[in-house]
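Quick look at data-v6.tsv (TSV, C-alpha atoms and all ligand atoms):
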```tsv
chain	number	residue	atom	x	y	z
W	1	MET	CA	147.68	224.50	78.98
W	2	ALA	CA	147.01	222.19	81.93
W	3	SER	CA	145.04	218.99	81.35
W	4	ILE	CA	142.17	217.13	83.01
W	5	ASP	CA	141.74	213.37	83.28
W	6	VAL	CA	139.35	211.10	85.19
W	7	CYS	CA	140.21	207.94	87.13
W	8	TYR	CA	136.98	205.93	87.48
W	9	SER	CA	138.10	203.89	90.50
W	10	PRO	CA	140.84	204.00	93.16
W	11	GLU	CA	141.78	200.52	91.89
W	12	LEU	CA	142.93	202.17	88.64
W	13	LEU	CA	145.16	204.71	90.37
W	14	HIS	CA	148.31	202.66	89.68
W	15	LEU	CA	147.85	203.61	86.01
W	16	TYR	CA	148.30	207.32	86.75
W	17	ASP	CA	151.32	209.36	87.81
W	18	LEU	CA	150.06	211.67	90.56
W	19	LYS	CA	153.31	213.57	90.96
W	20	GLY	CA	152.82	217.30	90.35
W	21	LYS	CA	149.06	216.87	89.81
W	22	ALA	CA	146.01	218.24	91.57
W	23	VAL	CA	143.64	215.45	92.55
W	24	VAL	CA	139.95	216.15	93.02
W	25	ALA	CA	138.69	213.31	95.21
W	26	VAL	CA	134.97	212.70	94.79
W	27	ASP	CA	132.35	210.52	96.40
W	28	ILE	CA	129.10	212.28	95.62
W	29	LEU	CA	127.00	209.76	97.57
W	30	ARG	CA	127.95	210.65	100.15
W	31	ALA	CA	131.42	211.01	101.69
W	32	THR	CA	132.79	214.10	99.94
W	33	SER	CA	129.39	215.85	99.95
W	34	THR	CA	129.29	215.21	103.70
W	35	MET	CA	132.82	216.56	104.21
W	36	VAL	CA	131.97	219.77	102.34
W	37	THR	CA	128.83	220.07	104.48
W	38	ALA	CA	130.85	219.52	107.67
W	39	PHE	CA	133.24	222.39	106.84
W	40	ALA	CA	130.34	224.61	105.79
W	41	HIS	CA	128.85	223.96	109.22
W	42	GLY	CA	131.97	224.83	111.19
W	43	ALA	CA	134.16	221.71	111.39
W	44	THR	CA	137.79	222.78	111.91
W	45	ALA	CA	139.54	219.72	110.42
W	46	ILE	CA	138.70	216.30	109.02
W	47	PHE	CA	140.96	213.27	109.35
W	48	PRO	CA	139.93	210.79	106.62
W	49	VAL	CA	141.18	207.30	107.49
W	50	MET	CA	140.69	203.87	105.97
W	51	GLU	CA	140.11	201.63	109.00
W	52	LEU	CA	137.47	201.64	111.75
W	53	GLU	CA	140.01	201.07	114.57
W	54	GLU	CA	142.23	203.89	113.35
W	55	CYS	CA	139.20	206.19	113.30
W	56	GLN	CA	138.05	205.19	116.78
W	57	ALA	CA	141.51	206.01	118.21
W	58	PHE	CA	141.04	209.68	117.25
W	59	SER	CA	138.49	210.07	120.06
W	60	GLN	CA	141.47	210.16	122.46
W	61	GLN	CA	142.60	213.39	120.75
W	62	GLY	CA	139.22	215.01	121.32
W	63	CYS	CA	137.93	214.39	117.79
W	64	LEU	CA	134.41	213.42	116.94
W	65	THR	CA	134.48	210.05	115.18
W	66	ALA	CA	132.40	209.14	112.14
W	67	ALA	CA	132.10	205.81	110.38
W	68	GLU	CA	130.03	204.22	107.64
W	69	ARG	CA	130.16	200.76	106.15
W	70	ASN	CA	127.82	199.64	103.37
W	71	GLY	CA	125.71	202.76	103.80
W	72	ILE	CA	125.11	202.22	107.51
W	73	LYS	CA	126.55	204.13	110.50
W	74	ALA	CA	129.04	201.87	112.26
W	75	GLU	CA	128.29	201.13	115.90
W	76	GLY	CA	130.19	203.02	118.59
W	77	PHE	CA	130.92	206.15	116.54
W	78	ASP	CA	129.57	209.66	117.11
W	79	LEU	CA	128.41	210.20	113.53
W	80	GLY	CA	127.60	208.30	110.36
W	81	ASN	CA	127.84	209.60	106.79
W	82	SER	CA	124.60	211.52	106.36
W	83	PRO	CA	125.32	215.18	105.60
W	84	PHE	CA	122.30	216.14	107.69
W	85	SER	CA	123.94	214.83	110.86
W	86	TYR	CA	126.75	217.40	110.39
W	87	MET	CA	124.40	220.39	110.54
W	88	ASP	CA	122.78	222.34	113.39
W	89	GLY	CA	125.98	222.84	115.39
W	90	ALA	CA	126.86	219.13	115.52
W	91	VAL	CA	130.45	219.68	114.32
W	92	LYS	CA	130.93	223.42	114.91
W	93	GLY	CA	134.45	224.07	116.23
W	94	ARG	CA	135.29	220.35	116.24
W	95	SER	CA	137.71	218.09	114.41
W	96	VAL	CA	136.20	214.96	112.90
W	97	ALA	CA	137.92	211.66	112.09
W	98	ILE	CA	135.97	209.76	109.45
W	99	THR	CA	136.14	206.42	107.68
W	100	THR	CA	133.75	205.41	104.90
W	101	THR	CA	133.53	202.45	102.54
W	102	ASN	CA	135.03	204.17	99.50
W	103	GLY	CA	135.42	207.94	99.88
W	104	THR	CA	138.11	208.09	102.55
W	105	ARG	CA	140.03	205.35	100.72
W	106	ALA	CA	140.04	207.40	97.49
W	107	ILE	CA	141.48	210.37	99.39
W	108	ARG	CA	144.22	208.44	101.16
W	109	LEU	CA	145.27	206.59	98.02
W	110	SER	CA	145.81	209.97	96.32
W	111	GLU	CA	148.43	211.19	98.76
W	112	ALA	CA	151.24	211.23	96.17
W	113	ALA	CA	149.54	214.16	94.41
W	114	GLU	CA	150.86	217.72	94.68
W	115	GLU	CA	147.48	218.79	96.01
W	116	ILE	CA	144.24	217.05	96.95
W	117	VAL	CA	140.95	218.92	97.07
W	118	ILE	CA	137.54	217.53	97.91
W	119	GLY	CA	134.88	217.85	95.25
W	120	SER	CA	131.12	217.59	95.27
W	121	PHE	CA	128.25	219.22	93.41
W	122	LEU	CA	127.75	221.27	96.57
W	123	ASN	CA	131.05	223.14	96.01
W	124	LEU	CA	131.55	222.58	92.26
W	125	LYS	CA	132.17	226.22	91.31
W	126	ARG	CA	134.63	226.72	94.17
W	127	VAL	CA	136.60	223.65	93.06
W	128	ALA	CA	136.62	224.79	89.40
W	129	ASP	CA	137.71	228.35	90.29
W	130	HIS	CA	140.51	227.00	92.45
W	131	LEU	CA	141.79	224.66	89.72
W	132	LYS	CA	141.73	227.48	87.15
W	133	GLN	CA	143.99	229.52	89.42
W	134	LEU	CA	146.25	226.61	90.31
W	135	GLN	CA	146.92	225.57	86.67
W	136	LEU	CA	148.22	222.11	87.59
W	137	ASP	CA	147.22	219.03	85.59
W	138	VAL	CA	144.05	217.70	87.21
W	139	LEU	CA	143.00	214.13	87.93
W	140	VAL	CA	139.48	213.53	89.20
W	141	VAL	CA	139.60	210.42	91.40
W	142	CYS	CA	136.17	208.81	91.61
W	143	ALA	CA	135.63	206.76	94.76
W	144	GLY	CA	133.29	204.35	92.97
W	145	TRP	CA	131.94	201.41	94.93
W	146	LYS	CA	134.37	198.76	96.20
W	147	GLY	CA	136.62	199.22	93.21
W	148	MET	CA	133.80	199.41	90.66
W	149	PHE	CA	132.68	202.29	88.42
W	150	ASN	CA	129.78	204.41	89.60
W	151	LEU	CA	127.61	206.88	87.78
W	152	GLU	CA	127.28	209.74	90.27
W	153	ASP	CA	131.03	210.35	90.65
W	154	THR	CA	131.39	210.20	86.86
W	155	LEU	CA	128.68	212.84	86.47
W	156	PHE	CA	130.58	215.11	88.83
W	157	ALA	CA	133.75	214.58	86.76
W	158	GLY	CA	131.75	215.61	83.67
W	159	ALA	CA	130.36	218.69	85.41
W	160	LEU	CA	133.85	219.74	86.46
W	161	ALA	CA	135.24	219.08	82.96
W	162	GLU	CA	132.47	221.28	81.52
W	163	SER	CA	133.44	224.10	83.91
W	164	LEU	CA	137.11	223.79	82.94
W	165	LEU	CA	136.75	223.34	79.18
W	166	GLU	CA	138.04	226.78	78.21
W	167	ASP	CA	141.11	226.62	80.43
W	168	PHE	CA	142.12	222.93	80.30
W	169	THR	CA	142.81	220.38	77.57
W	170	PHE	CA	142.03	216.68	77.55
W	171	GLU	CA	142.81	213.86	75.19
W	172	ASN	CA	141.38	210.93	77.12
W	173	ASP	CA	138.12	209.05	76.69
W	174	ALA	CA	137.40	209.00	80.43
W	175	THR	CA	136.90	212.79	80.47
W	176	LEU	CA	135.02	212.73	77.17
W	177	ALA	CA	132.64	210.03	78.43
W	178	SER	CA	132.08	211.90	81.72
W	179	LEU	CA	131.30	215.07	79.82
W	180	HIS	CA	128.79	213.34	77.51
W	181	LEU	CA	127.11	211.63	80.46
W	182	TYR	CA	126.87	214.85	82.44
W	183	ARG	CA	125.37	216.72	79.48
W	184	ALA	CA	122.75	214.00	79.08
W	185	ALA	CA	122.03	213.97	82.82
W	186	LYS	CA	122.15	217.70	83.50
W	187	PRO	CA	118.44	218.55	82.96
W	188	ASP	CA	117.49	216.17	85.80
W	189	LEU	CA	120.37	214.51	87.65
W	190	PHE	CA	118.09	212.61	90.00
W	191	ALA	CA	116.04	211.09	87.18
W	192	PHE	CA	119.25	210.08	85.39
W	193	LEU	CA	120.58	208.40	88.53
W	194	LYS	CA	117.29	206.78	89.61
W	195	GLU	CA	118.33	203.29	88.56
W	196	SER	CA	121.99	203.60	89.52
W	197	SER	CA	123.36	201.06	91.96
W	198	HIS	CA	124.15	203.35	94.89
W	199	VAL	CA	120.93	205.31	94.63
W	200	ARG	CA	119.06	202.00	94.82
W	201	ARG	CA	121.32	200.83	97.67
W	202	LEU	CA	120.63	203.98	99.70
W	203	GLN	CA	116.91	203.88	98.92
W	204	ASN	CA	116.76	200.28	100.12
W	205	LEU	CA	118.17	201.63	103.41
W	206	ASP	CA	115.37	204.22	103.42
W	207	ILE	CA	117.84	207.04	102.71
W	208	HIS	CA	116.14	209.46	100.30
W	209	GLN	CA	116.70	213.04	101.44
W	210	ASP	CA	120.51	212.70	101.31
W	211	ILE	CA	120.44	211.82	97.60
W	212	HIS	CA	118.52	214.95	96.57
W	213	TYR	CA	120.67	217.09	98.87
W	214	CYS	CA	123.98	215.82	97.43
W	215	LEU	CA	122.89	216.57	93.84
W	216	GLN	CA	122.45	220.32	94.47
W	217	HIS	CA	125.00	222.58	92.78
W	218	ASP	CA	127.01	225.31	94.51
W	219	LEU	CA	125.32	225.40	97.87
W	220	TYR	CA	128.64	226.18	99.58
W	221	GLU	CA	131.85	228.08	98.82
W	222	VAL	CA	134.05	225.96	101.04
W	223	LEU	CA	137.04	224.05	99.65
W	224	PRO	CA	138.45	221.18	101.71
W	225	VAL	CA	142.20	220.83	101.00
W	226	TRP	CA	144.59	218.10	102.13
W	227	GLN	CA	147.30	219.39	104.45
W	228	HIS	CA	149.87	216.85	105.75
W	229	ASP	CA	147.54	214.37	107.45
W	230	LYS	CA	144.15	216.05	107.38
W	231	LEU	CA	141.69	218.17	105.44
W	232	ILE	CA	141.17	221.80	106.29
W	233	GLY	CA	138.47	224.08	104.88
W	234	VAL	CA	139.67	227.14	102.95
I	301	LIG	O1	131.43	204.72	100.14
I	301	LIG	C1	131.48	205.74	100.80
I	301	LIG	O2	132.50	206.31	101.09
I	301	LIG	C2	130.16	206.31	101.29
I	301	LIG	O3	130.02	207.61	100.88
I	301	LIG	C3	129.01	205.42	100.95
I	301	LIG	S1	127.49	205.88	101.66
I	301	LIG	O4	126.82	206.85	100.80
I	301	LIG	O5	127.66	206.40	102.98
I	301	LIG	O6	126.68	204.65	101.66
```
If you convert what's in this file into structure tokens, what do you get?
Ligand code: 3SL
Amino acid sequence: MASIDVCYSPELLHLYDLKGKAVVAVDILRATSTMVTAFAHGATAIFPVMELEECQAFSQQGCLTAAERNGIKAEGFDLGNSPFSYMDGAVKGRSVAITTTNGTRAIRLSEAAEEIVIGSFLNLKRVADHLKQLQLDVLVVCAGWKGMFNLEDTLFAGALAESLLEDFTFENDATLASLHLYRAAKPDLFAFLKESSHVRRLQNLDIHQDIHYCLQHDLYEVLPVWQHDKLIGV
């Protein structure tokens, strides 16, 4: 039986062997929720990159560029990191290059994996169904915040572990802790996260709607998958 494990921060990735594994990269607030939204609203490809300059250069290839640092849209880019700015035809038929504080870093640092898929509550069931079919060992890579643990990505890891329980094994405390936290949080995810650091950070920036949006389960069936140098929606 395949296994599931959880890496709480990209800074801990050196402890894991990614070879032959399926990585689920997750940044619930908000990068991976935004990417899922972008594909659900017609984006054709997403180039996740780590640096602002690298991202800006993609405009020469006809890509929209998107950048966020510390929760704020970076100046000179077409888009920020709010999922709502990827709706209403904004990205339909377009490729998007994006850099965010933690999410795009988590994806790029996972490149040694056999497969990388993008997870969020918005496409949770689609991710779980795909992993059940794939039957590779799974590592959930939480983007965290600047190398630190965060609660919302951990809750997603727990939700995914709960969906995979019958088909996957685990013998690690990271998955067990995620599962316990998700089960405690499940009746009201927002209430559970109310005092968490990134929820407070976003609220201090007057960002409220995005938080509630990103905590919804199974709004979309899209699955962003890493292919060579970009994500495509399948
Ligand atoms: O860190 C990231 O990648 C972002 O998702 C953070 S924010 O929600 O845009 O502030």
Near-ligand residues for ligand LIG 301 (chain I), threshold 8 Å, all atoms listed in the file, as a list in words: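 Residues satisfying the distance criterion: Asp27, Ile28, Leu29, Arg30, Ala31, Thr32, Glu68, Arg69, Asn70, Gly71, Ile72, Lys73, Gly80, Asn81, Ser82, Thr99, Thr100, Thr101, Asn102, Gly103, Thr104, Arg105, Ala143, Gly144, Trp145, Lys146, His198, Arg201 and Leu202 of chain W.
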Shell around Gly233 of chain W at 7 Å using only C-alpha atoms, local window under 6 positions removed, as a list in words: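 Neighbouring residues, sequence-local ones excluded: Phe39, Val222, Leu223, Pro224 and Val225 of chain W.
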Point-to-point distance in Å for atom CA of Ala2 of chain W and atom CA of Leu155 of chain W: 21.1 Å
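A straight line drawn from atom CA of Leu52 of chain W to atom CA of Asp229 of chain W is 16.8 Å long.
The two atoms in question, atom CA of Ala45 of chain W and atom CA of Ala97 of chain W, are spaced 8.4 Å apart.
For the set W:Leu64, W:Asp88, W:Met50, W:Phe190, the residue with the smallest atom-to-atom gap to Ile107 of chain W is W:Met50, counting only C-alpha atoms.
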Which residue of W:Val26, W:Ala38, W:Leu193, W:Cys7 approaches Tyr220 of chain W most closely, using only C-alpha atoms: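 Residue with the minimum atom-to-atom distance to Tyr220 of chain W: W:Ala38.
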Neighbour list for Leu109 of chain W as a list of chain:residue names, cut-off 8 Å, all atoms listed in the file, skip fewer than 3 positions in-chain: W:Pro10, W:Leu13, W:Arg105, W:Ala106, W:Ala112
I need the residues from that last selection saved to file as a PDB file, in the frame of the given file (with C-alpha atoms), if you can.
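Output below, filename part_35.pdb:
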```
ATOM      1  CA  PRO W  10     140.840 204.000  93.160  1.00  0.00           C
ATOM      2  CA  LEU W  13     145.160 204.710  90.370  1.00  0.00           C
ATOM      3  CA  ARG W 105     140.030 205.350 100.720  1.00  0.00           C
ATOM      4  CA  ALA W 106     140.040 207.400  97.490  1.00  0.00           C
ATOM      5  CA  ALA W 112     151.240 211.230  96.170  1.00  0.00           C
TER       6      ALA W 112
END
```
Residue among W:Gln60, W:Glu152, W:Ser163, W:Leu15 lying closest to Phe192 of chain W, counting only C-alpha atoms: W:Glu152
Minimum-distance residue to His228 of chain W, chosen among W:Ala40, W:Ala113, W:Leu122, W:Leu131 (using all atoms listed in the file): W:Ala113
Complete segment 96-107 of chain W with all heavy atoms (output as an mmCIF file, keeping the file's coordinate frame).
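File written: rebuild-v4.cif
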```cif
data_model
loop_
_atom_site.group_PDB
_atom_site.id
_atom_site.type_symbol
_atom_site.label_atom_id
_atom_site.label_comp_id
_atom_site.auth_asym_id
_atom_site.auth_seq_id
_atom_site.Cartn_x
_atom_site.Cartn_y
_atom_site.Cartn_z
ATOM 1 N N VAL W 96 136.929 216.220 113.106
ATOM 2 C CA VAL W 96 136.200 214.960 112.900
ATOM 3 C C VAL W 96 137.126 213.955 112.222
ATOM 4 O O VAL W 96 137.752 214.274 111.196
ATOM 5 C CB VAL W 96 134.965 215.187 111.973
ATOM 6 C CG1 VAL W 96 134.175 213.885 111.810
ATOM 7 C CG2 VAL W 96 134.066 216.299 112.494
ATOM 8 N N ALA W 97 137.227 212.769 112.776
ATOM 9 C CA ALA W 97 137.920 211.660 112.090
ATOM 10 C C ALA W 97 136.835 210.810 111.445
ATOM 11 O O ALA W 97 135.818 210.508 112.074
ATOM 12 C CB ALA W 97 138.713 210.828 113.083
ATOM 13 N N ILE W 98 137.038 210.467 110.176
ATOM 14 C CA ILE W 98 135.970 209.760 109.450
ATOM 15 C C ILE W 98 136.539 208.618 108.609
ATOM 16 O O ILE W 98 137.600 208.751 107.989
ATOM 17 C CB ILE W 98 135.141 210.737 108.567
ATOM 18 C CG1 ILE W 98 133.999 209.999 107.853
ATOM 19 C CG2 ILE W 98 136.012 211.489 107.575
ATOM 20 C CD1 ILE W 98 132.976 210.921 107.184
ATOM 21 N N THR W 99 135.830 207.512 108.600
ATOM 22 C CA THR W 99 136.140 206.420 107.680
ATOM 23 C C THR W 99 134.845 205.998 106.981
ATOM 24 O O THR W 99 133.806 205.861 107.625
ATOM 25 C CB THR W 99 136.802 205.230 108.398
ATOM 26 O OG1 THR W 99 137.079 204.200 107.433
ATOM 27 C CG2 THR W 99 135.963 204.653 109.529
ATOM 28 N N THR W 100 134.925 205.853 105.660
ATOM 29 C CA THR W 100 133.750 205.410 104.900
ATOM 30 C C THR W 100 134.177 204.287 103.950
ATOM 31 O O THR W 100 135.371 204.049 103.757
ATOM 32 C CB THR W 100 133.137 206.578 104.075
ATOM 33 O OG1 THR W 100 134.068 206.956 103.043
ATOM 34 C CG2 THR W 100 132.823 207.785 104.944
ATOM 35 N N THR W 101 133.220 203.634 103.359
ATOM 36 C CA THR W 101 133.530 202.450 102.540
ATOM 37 C C THR W 101 134.481 202.789 101.393
ATOM 38 O O THR W 101 135.451 202.055 101.164
ATOM 39 C CB THR W 101 132.220 201.847 101.979
ATOM 40 O OG1 THR W 101 131.294 201.679 103.071
ATOM 41 C CG2 THR W 101 132.474 200.491 101.335
ATOM 42 N N ASN W 102 134.230 203.868 100.700
ATOM 43 C CA ASN W 102 135.030 204.170 99.500
ATOM 44 C C ASN W 102 135.681 205.559 99.502
ATOM 45 O O ASN W 102 136.790 205.720 99.000
ATOM 46 C CB ASN W 102 134.130 204.090 98.248
ATOM 47 C CG ASN W 102 133.381 202.773 98.172
ATOM 48 O OD1 ASN W 102 133.960 201.740 97.846
ATOM 49 N ND2 ASN W 102 132.082 202.783 98.504
ATOM 50 N N GLY W 103 134.975 206.555 100.018
ATOM 51 C CA GLY W 103 135.420 207.940 99.880
ATOM 52 C C GLY W 103 136.747 208.215 100.577
ATOM 53 O O GLY W 103 137.660 208.825 99.995
ATOM 54 N N THR W 104 136.874 207.784 101.818
ATOM 55 C CA THR W 104 138.110 208.090 102.550
ATOM 56 C C THR W 104 139.289 207.315 101.945
ATOM 57 O O THR W 104 140.423 207.783 101.931
ATOM 58 C CB THR W 104 137.963 207.783 104.054
ATOM 59 O OG1 THR W 104 137.528 206.429 104.240
ATOM 60 C CG2 THR W 104 136.948 208.718 104.698
ATOM 61 N N ARG W 105 138.992 206.158 101.395
ATOM 62 C CA ARG W 105 140.030 205.350 100.720
ATOM 63 C C ARG W 105 140.546 206.094 99.469
ATOM 64 O O ARG W 105 141.756 206.169 99.232
ATOM 65 C CB ARG W 105 139.383 204.016 100.336
ATOM 66 C CG ARG W 105 140.300 203.032 99.717
ATOM 67 C CD ARG W 105 139.567 201.672 99.508
ATOM 68 N NE ARG W 105 140.232 200.900 98.495
ATOM 69 C CZ ARG W 105 141.382 200.294 98.652
ATOM 70 N NH1 ARG W 105 141.987 200.338 99.821
ATOM 71 N NH2 ARG W 105 141.961 199.632 97.665
ATOM 72 N N ALA W 106 139.640 206.654 98.697
ATOM 73 C CA ALA W 106 140.040 207.400 97.490
ATOM 74 C C ALA W 106 140.958 208.566 97.872
ATOM 75 O O ALA W 106 141.944 208.841 97.178
ATOM 76 C CB ALA W 106 138.799 207.911 96.759
ATOM 77 N N ILE W 107 140.648 209.229 98.962
ATOM 78 C CA ILE W 107 141.480 210.370 99.390
ATOM 79 C C ILE W 107 142.866 209.891 99.793
ATOM 80 O O ILE W 107 143.886 210.404 99.320
ATOM 81 C CB ILE W 107 140.800 211.119 100.567
ATOM 82 C CG1 ILE W 107 139.462 211.717 100.132
ATOM 83 C CG2 ILE W 107 141.730 212.198 101.127
ATOM 84 C CD1 ILE W 107 138.570 212.173 101.279
#
```
